[in-house]
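Enquirer: Below are the structure tokens for one structure; questions will follow.
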Protein chains: 2
Amino acid sequence: MRTVVDPLMRAEAMHGPRTALVCGDVRRSFAEVADRCHRLAGVLDDLGLERGARVAVLAANSAEYAEIYATIPAAGRSVVPLNTRWADAELLYALDDGGVLVLITDREPGALADAVDTVVQLGDDYEGRLAAATPAPYADVEEDEIAGLFYTGGTTGKSKGVMLTHRNLVANTLHSQIMMPLDDSDTYLVVAPMFHAAGSTSLLQCFALGVPQVVVPAFEPNACLDLIEAEGCSMTLAVPTMLAALIEAQSASPRDTSTLRKIAHGASPIAMELLKRAHELFPTAELIHLYGATETAPLVTGLRNEQTLTDSPRGKSAGQPVLGVTVRIDGPAGDQPAGQAGEVLAKGPNIMAGYWNKPEQTAEVLQAGWYRTGDVGYLDDEGFLYLVDRAKDMIISGGENVYCSEVEDVIYRNPKVLEATVFGIPNEQWGEQVHAVIVPRDESLTENELIEFCRESLGGYKVPRSVSFQSDELPKSGPGKVLKRELRAPYWEGHDRGIN
Amino acid sequence: MRTVVDPLMRAEAMHGPRTALVCGDVRRSFAEVADRCHRLAGVLDDLGLERGARVAVLAANSAEYAEIYATIPAAGRSVVPLNTRWADAELLYALDDGGVLVLITDREPGALADAVDTVVQLGDDYEGRLAAATPAPYADVEEDEIAGLFYTGGTTGKSKGVMLTHRNLVANTLHSQIMMPLDDSDTYLVVAPMFHAAGSTSLLQCFALGVPQVVVPAFEPNACLDLIEAEGCSMTLAVPTMLAALIEAQSASPRDTSTLRKIAHGASPIAMELLKRAHELFPTAELIHLYGATETAPLVTGLRNEQTLTDSPRGKSAGQPVLGVTVRIDGPAGDQPAGQAGEVLAKGPNIMAGYWNKPEQTAEVLQAGWYRTGDVGYLDDEGFLYLVDRAKDMIISGGENVYCSEVEDVIYRNPKVLEATVFGIPNEQWGEQVHAVIVPRDESLTENELIEFCRESLGGYKVPRSVSFQSDELPKSGPGKVLKRELRAPYWEGHDRGIN
């Protein structure tokens, strides 16, 4: 198995009559999905798209999203999944930066239509094209070809297109199968957005193993619990905020969730109390903590059977590197010994090829095959990873990474702002929330005014949820760098801030 | 994880105090083994061996064999494991063909000493060199470097060095973990010879997962059962003749083998009756049928939970392709549909780089990344592989491949032979035995005389165990090809000849 074509062909050859995708009223077998995928490959050919051409998808989760996500690379083009929470300005940036020719979307494209050659609208337009197309075989892709560009926030303000190759996606499929084995007795509930690794990481694994995916278009905890009961779901992967909502809903109105065997969570820190509650309410499920990044396609480490470790120090770790990925801790004199913190580096066939058209930013994070995660952590003497801080100036809110500099750049465009800094403060629901500290140039500036100003340029999850104003200059280090840690500290007093 | 260095470093970082290897009185932790491996890397440096230099090992299984097997590639050289059953002529051929500079062996080298620059004898010599060496770091190897040459019989008479890269061995480690997951609660009994894939395939997996390997120097069923009981072994991989012997011994004198969770078998066909007996006598063990070849590093397909399938048609299959390997059936018009037989082809990151210095024979079997196994089979509609014949003229006796042409070439060197042909006939213990049909030029030729003649040039398992003489010319096809099938048929009447 070397390219995305392989899991698709495996599904076609081995799992034809089995259910592949369930979403609302849609229920399709692997054979039906295979026919649709080959038709979609025909549509891409008919559009005259060359090998490697970028095709973006901007849509809520759906059965169609899964086939689009897999077919575009299998047909020799690159898929560009876009964050549905982004503002138009952010979407336009990605479409332009990625040189996207076709946009497949479930919304009215509005200004986005001008940025691409062709818009395909999910629904009648998409279905009509599929019905009219001649099914085409998949391409004879090489494993080092770019399967997709995955836009992620950037430390320098603009988002970056993470280039994941076919080999990267296939490697992660094997790594996931080792960390979280699935077989044809499983049913997978897809709750996280598929534009995010948390929602799509299992996609090829489910195709290859013949596992039905029950796809949730928009996360709503009661609907998810009903689906677990109705479809007998055995596995899901959620971000902690979703898990918290599932726990509340299950507590208020218990459903039969005894088919659940595994609940994985990742993308942001989780409170130990939440884990204990998850185990109480979903006692049949093994809890698995995953750690990774878009750049690592995404799996790096995992902590299995977390429910047995809630009272052990190891329960605070992010687990061991999955077989297939090598982790080291980089200190001032090279590898740090066990127990000593440094930057977490990862190596393996899952590491991205680089950032699209950004050789300098690529060189900063990819060194001799090692990806510098920007996270600070240490390994214990059995290779369990403990994350203690982030080297990157970043907030994780509800599983989404927010780069502070990107928010600061927008705030500084407001003429009423003299100085600004952004950092994360505790939020019970989202883990962290974006907080801005402003030294105004014009004292008429209000919190609402600033928030509305940000909303024009930034996706909702990046917009500050709270703002504090001060007249004193921001505290700075000798070289003029804002001492963010000093400003942030009071908010975090008494909080056990897990980082991962 | 991209090279053999990775599982070794993983063992060092994660499993230090755990038991790594047990063999007779020897019992070493992963930390101790790591120290010995780094010392061995130092020994290789001291010998002045350049990157890629070939180092052969000719020895019975031992704890040292495991460290040698892993260290040579990790230190940037190529390991050449030699078949201990070979005659000197065969060993000399491989040493010469492979350009081997160093031979590590547990026997008096005799004539072999002249074929290499240096002989290292296991025991005092080897231990003395290790003790005197400065531990060296592993090399910064690339994944496409040759990790080893694995000599295997050839259709054209001489054996061929299968070039397996680091990537091949690492891929197989992941594939094995997916097919037969191990964790640190396992203990692995190594019974098959480590020069053969059946004995070594788990080696890197055990290192990476922290699994102790209990190594049996020479297979003896009662000793193996005692070890299973004493060490609490949970997993083993045997060829069917070994499994048959284990069953007999356990039946005669039952040991507590309740720690066994998995018994894998492969390399030659197995009788359904034997499987049923295995399940009766080792009821706690999942039975797993593996299919593969040296050229595929070796795993291609596997049938899990075989003990539940002994009364099902699927029980006769070789199982499904392991996740990571793609199988197709090549017919006259390309891919064969389900149920139609053709040559079995396999593709994946586990497929060999080629045969050492044999571009033509490489081109015959490696085509566009696909390895032509030479086996004939079909897939069912869920991708289960059924093997029905061998395209290669080959006998499998006790798990060893015997190429008929190699034996015929030797027989034809005897001046008393006018015509000869070799094929396999049924043998209860070995599955098949090598049988020769001779048209003598000189009628004084006896069976014993011919067998002794063969023994001078061929390893014991290749020497004909039976010979029949006839005065009539051998039956031939139009172009003069011996009609072997016609001669063989009477011997196989009433036999259900499973092929795999």
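As shown in the structure tokens, the chain order sets the letters A, B, ...; within each chain, residues go from 1, and ligands are also counted from 1 in the order they appear.
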For chain B against chain A, which residues fall within 8 Å using only C-alpha atoms, given as a PyMOL selection string?

Expert: chain B and resi 1-2+6+10+13-16+174+177-178+181+208+323-326+347-349+381-383

Enquirer: Would you list the contacts of Gly99 (chain B) as a list in words, taking every protein, DNA or RNA residue within 9 Å and counting only C-alpha atoms, but skipping same-chain residues closer than 2 positions in sequence?

Expert: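 Here the qualifying residues turn out to be Ala53, Arg54, Ala94, Leu95, Asp96, Asp97, Leu101, Ala115 and Val116 of chain B.
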
Enquirer: What's around Pro217 (chain A) at 6 Å? Count only C-alpha atoms, leave out sequence neighbours fewer than 4 positions away in its own chain, and write the answer as a list in words.

Expert: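 The filter keeps Ala60, Asn61 and Ser62 of chain A.
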
Enquirer: Kindly indicate which residue among A:Val211, A:Val79, A:Val120, A:Val5 lies nearest to Asp183 (chain A), using only C-alpha atoms for the distances.

Expert: A:Val211

Enquirer: Between CA of Ala249 (chain B) and CA of Pro283 (chain B), what is the spacing in Å?

Expert: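 Distance between the two atoms: 15.4 Å.
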